[in-house]
Amino acid sequence: MSRMPETGKRSDFFNYDATPFYAERGWLIGEGGVGGKAKGLAFAHRTISAGPLSGSVLLPPVTLVVGAGVFLGYIRDNDMEWAYREPDWERIAIAFSKGRFRESFTRDLERGLALLNGVPLAIRSSSTLEDSVRLSFAGKYDTCFSANIGDPERRMREIEDSLRTVWASLFKPAPRAYRAKHGCRDEDEAMAVLIQPITGKLRDDLYYPELAGAAFSRVYRRPTPRVRKEDGVMRLCFGLGTRTVERSNARVFYLTNPNLRPEGNQPREIARSGQTEFDYIDRTFGSFMTARLDQFLPFILKRHASVHSFVEVFADNLLYWAGCPLTPASRPVFSFSYLPDKHPHFFRLVRRVLASLETAMEMPVDIEFTYDTEDRTMCLIQLRPLSSFTEASGVVLPDVPPERVLLRGDRMVSNGLIDRTEWLVYVDPDLYGTDGRNHEIAREIGRINRSLEGSRYILVGPGRWGSTNADLGVPVQYDELCNSGCIVEIGIRERDFTPELSYGTHFFLDLDVDGILYLPVFAGETGNEYNKSWFDGAPYEKGRHPAVRVYRGAFAVYMDGETEIGRVIRL
């Protein structure tokens, strides 16, 4: 990865006005700002089209932008200024769903949609605060999908409903908490919207890209010192890119060491952490769908020449080639094991793109893209500054008796310190997931989080905090853990609870911006400690769900990024 230029002046990106880019092409609908996501994409167009990557990297052929002024006019026209003061999100959502559009806007929208040629569409937020150098708002606002099929009335109705949904998401609890934590008012925000064609191919009635990814030009949280911060990291999935930015299973590649797996190299570890479902647009029924790989493997084998680069079958604690017969005891998984060796051009291209955009923006960057291995085509669909991360100076681990060590981890550790907090919140792994009430546990964590504002409490639980799949970990939203100072993820092999060691999700962006420490602990593994006897024997306050406990005492967190050791201790 190239070094950022030492210019001594403000980056050109700060002052870049993206509005003319969309207006000159007839892609701007309405007035007002185009927002952060639109700005990043326009800057990428300018950079790529004027450089040596112009023949290697595509960009969406048309991207419509509904200006933020349309959002503000919608609120005024429908007398919804009260939404800024209303705490009830459901009431706001209902009001937005019933609002009316101006006839002039509807006519402009119809003309704009005629440019998109009936391809499936993504309707994405591009708020005025979003994707800034200081704040990303990554994952805070809704994205909608439209199959864009049927008669014109149906297509327009889908787009209008999607606009209402994206606009209303400005008032959801998570972005409201994010704004409040960073000193912004709801009134400071306004919502432009992008309407983009989804990059992909139609295979029978399934529409999706073969591969979709998110890549960062810097690696701020590393599983091992062998990975340098400037090397870059990529998260990759098969199908629509929804799984690359959520805390679901996707493959992580460190770009100068792509065969390094943070989850480990044993077949069981690869299978446990690998993607087994993919998302697509169904062009027959006109809906967003999720498919299981074990049911669709014959389909994929027929339609993807590179299938053996990214699919393997796990059985008998071994990985076999994708075309081997399936048995009740075997299961296919998107392992991506042979992708680096079979498609080195792809990895070189991602590194070149990150280096070029980082140089142009004069700061670390975060991109989203699609890639087709047969055509060797990459399409860049998003560019934004990589939110700043300031690692603390070196931390000296104190000598403490073993019985005072509650948790110890030896991977993904960055420098950080909480010298004292009196609160530790814990979800008991033995009780989590046993009664089907996982979402109730998440809501209870949210209630406790609100009550502990300002405390920088320690949050401990099984698997992945904030996962969209409740089987992988507690499905909390941002506003339900934003007041914590350190989150700990306990890996328990027997229960398939696995911390995610990958940098590249919305979740980790939030941790970086908010200065929340992160510690994965793998129970039973060398170099890791999980003092379960203390958690079971120490006095605690019961939560409203039996799995939730609140401990009060004196606790501290020490994270030493040089030795890759992090500890939570009792003082």
# chains A, B, ... in the order shown; residues from 1 in each chain; ligands from 1

call {"tool": "select_by_dssp", "arguments": {"residues": "stretch 344-440 of chain A", "states": "alpha helix (DSSP H)", "output": "VMD selection string"}}
result
chain A and resid 344 to 361 438 to 440

call {"tool": "residues_around", "arguments": {"residues": "A:Leu58", "least_positions_apart": "4", "cutoff": "10 Å", "atoms": "only C-alpha atoms", "output": "ChimeraX atom specification"}}
result
/A:45,48-49,53-54,199,369-371,377-381

call {"tool": "closest_residue", "arguments": {"among": "A:Val166, A:Ala547, A:Ala68, A:Met412", "to": "A:Ser97", "atoms": "only C-alpha atoms"}}
result
A:Val166

call {"tool": "atom_distance", "arguments": {"atom1": "atom CA of A:Lys37", "atom2": "atom CA of A:Ile195"}}
result
11.4 Å

call {"tool": "residues_around", "arguments": {"residues": "A:Asp496", "least_positions_apart": "6", "cutoff": "9 Å", "atoms": "only C-alpha atoms", "output": "ChimeraX atom specification"}}
result
/A:272,463,471-472

call {"tool": "write_last_selection", "arguments": {"atoms": "N, CA and C atoms", "output": "CSV table (one decimal), in the first residue's frame"}}
result
chain,number,residue,atom,x,y,z
A,272,ARG,N,-16.9,-23.7,10.3
A,272,ARG,CA,-17.7,-23.0,11.3
A,272,ARG,C,-17.8,-21.5,11.0
A,463,GLY,N,-20.0,-15.2,21.7
A,463,GLY,CA,-20.0,-14.9,20.3
A,463,GLY,C,-19.9,-13.5,19.9
A,471,ASP,N,-28.1,-16.5,16.4
A,471,ASP,CA,-27.4,-17.7,16.8
A,471,ASP,C,-25.9,-17.5,17.0
A,472,LEU,N,-25.4,-16.4,16.4
A,472,LEU,CA,-24.0,-16.1,16.4
A,472,LEU,C,-23.6,-15.3,17.6

call {"tool": "closest_residue", "arguments": {"among": "A:Glu480, A:Glu374, A:Glu269, A:Asp151", "to": "A:Ser309", "atoms": "only C-alpha atoms"}}
result
A:Glu374

call {"tool": "closest_residue", "arguments": {"among": "A:Ser467, A:Asn148, A:Thr434, A:Ser484", "to": "A:Phe288", "atoms": "only C-alpha atoms"}}
result
A:Asn148

call {"tool": "residues_around", "arguments": {"residues": "stretch 204-210 of chain A", "least_positions_apart": "6", "cutoff": "8 Å", "atoms": "only C-alpha atoms", "output": "number ranges by chain"}}
result
A: 120, 198, 238-240, 279-284, 370-373

call {"tool": "atom_distance", "arguments": {"atom1": "atom CA of A:Thr165", "atom2": "atom CA of A:Gly99"}}
result
11.1 Å

call {"tool": "atom_distance", "arguments": {"atom1": "atom CA of A:Val34", "atom2": "atom CA of A:Thr19"}}
result
6.3 Å

call {"tool": "select_by_dssp", "arguments": {"residues": "stretch 320-452 of chain A", "states": "strand (DSSP E or B)", "output": "ChimeraX atom specification"}}
result
/A:320-321,331-334,365-372,377-385,405-409,416-427

call {"tool": "closest_residue", "arguments": {"among": "A:Ile516, A:Ala315, A:Ile492, A:Ala322", "to": "A:Phe299", "atoms": "only C-alpha atoms"}}
result
A:Ala322

call {"tool": "closest_residue", "arguments": {"among": "A:Leu301, A:Leu383, A:Leu354, A:Met234", "to": "A:Glu130", "atoms": "only C-alpha atoms"}}
result
A:Leu383

call {"tool": "residues_around", "arguments": {"residues": "stretch 436-446 of chain A", "least_positions_apart": "3", "cutoff": "6 Å", "atoms": "only C-alpha atoms", "output": "JSON, numbers by chain"}}
result
{"A": [433, 449, 474, 475, 476, 480]}

call {"tool": "write_last_selection", "arguments": {"atoms": "N, CA and C atoms", "output": "compact mmCIF listing (two decimals), in the first residue's frame"}}
result
# COMPACT_ATOMS: atom_id res chain seq x y z
N GLY A 433 -29.54 -18.40 24.31
CA GLY A 433 -29.99 -19.26 23.22
C GLY A 433 -30.73 -20.50 23.65
N ASN A 449 -27.72 -0.49 29.18
CA ASN A 449 -26.81 0.45 28.53
C ASN A 449 -27.25 1.89 28.76
N VAL A 474 -25.38 -11.95 20.62
CA VAL A 474 -26.51 -11.12 21.04
C VAL A 474 -26.79 -10.04 19.99
N PRO A 475 -28.02 -10.00 19.43
CA PRO A 475 -28.31 -9.09 18.30
C PRO A 475 -28.65 -7.67 18.74
N VAL A 476 -27.74 -7.04 19.48
CA VAL A 476 -27.95 -5.66 19.91
C VAL A 476 -27.75 -4.70 18.75
N GLU A 480 -27.80 0.15 21.83
CA GLU A 480 -27.92 -0.75 22.97
C GLU A 480 -26.58 -1.14 23.58

call {"tool": "closest_residue", "arguments": {"among": "A:Arg292, A:Arg268, A:His304, A:Lys201", "to": "A:Ser335", "atoms": "only C-alpha atoms"}}
result
A:Arg268

call {"tool": "residues_around", "arguments": {"residues": "A:Asp161", "least_positions_apart": "4", "cutoff": "12 Å", "atoms": "only C-alpha atoms", "output": "MDAnalysis selection string"}}
result
chainID A and resid 93:94 96:101 123 143:146 154:157 165:168

call {"tool": "residues_around", "arguments": {"residues": "A:Arg102", "least_positions_apart": "4", "cutoff": "12 Å", "atoms": "only C-alpha atoms", "output": "JSON, numbers by chain"}}
result
{"A": [30, 70, 71, 73, 74, 75, 76, 77, 78, 106, 107, 108, 109, 160]}
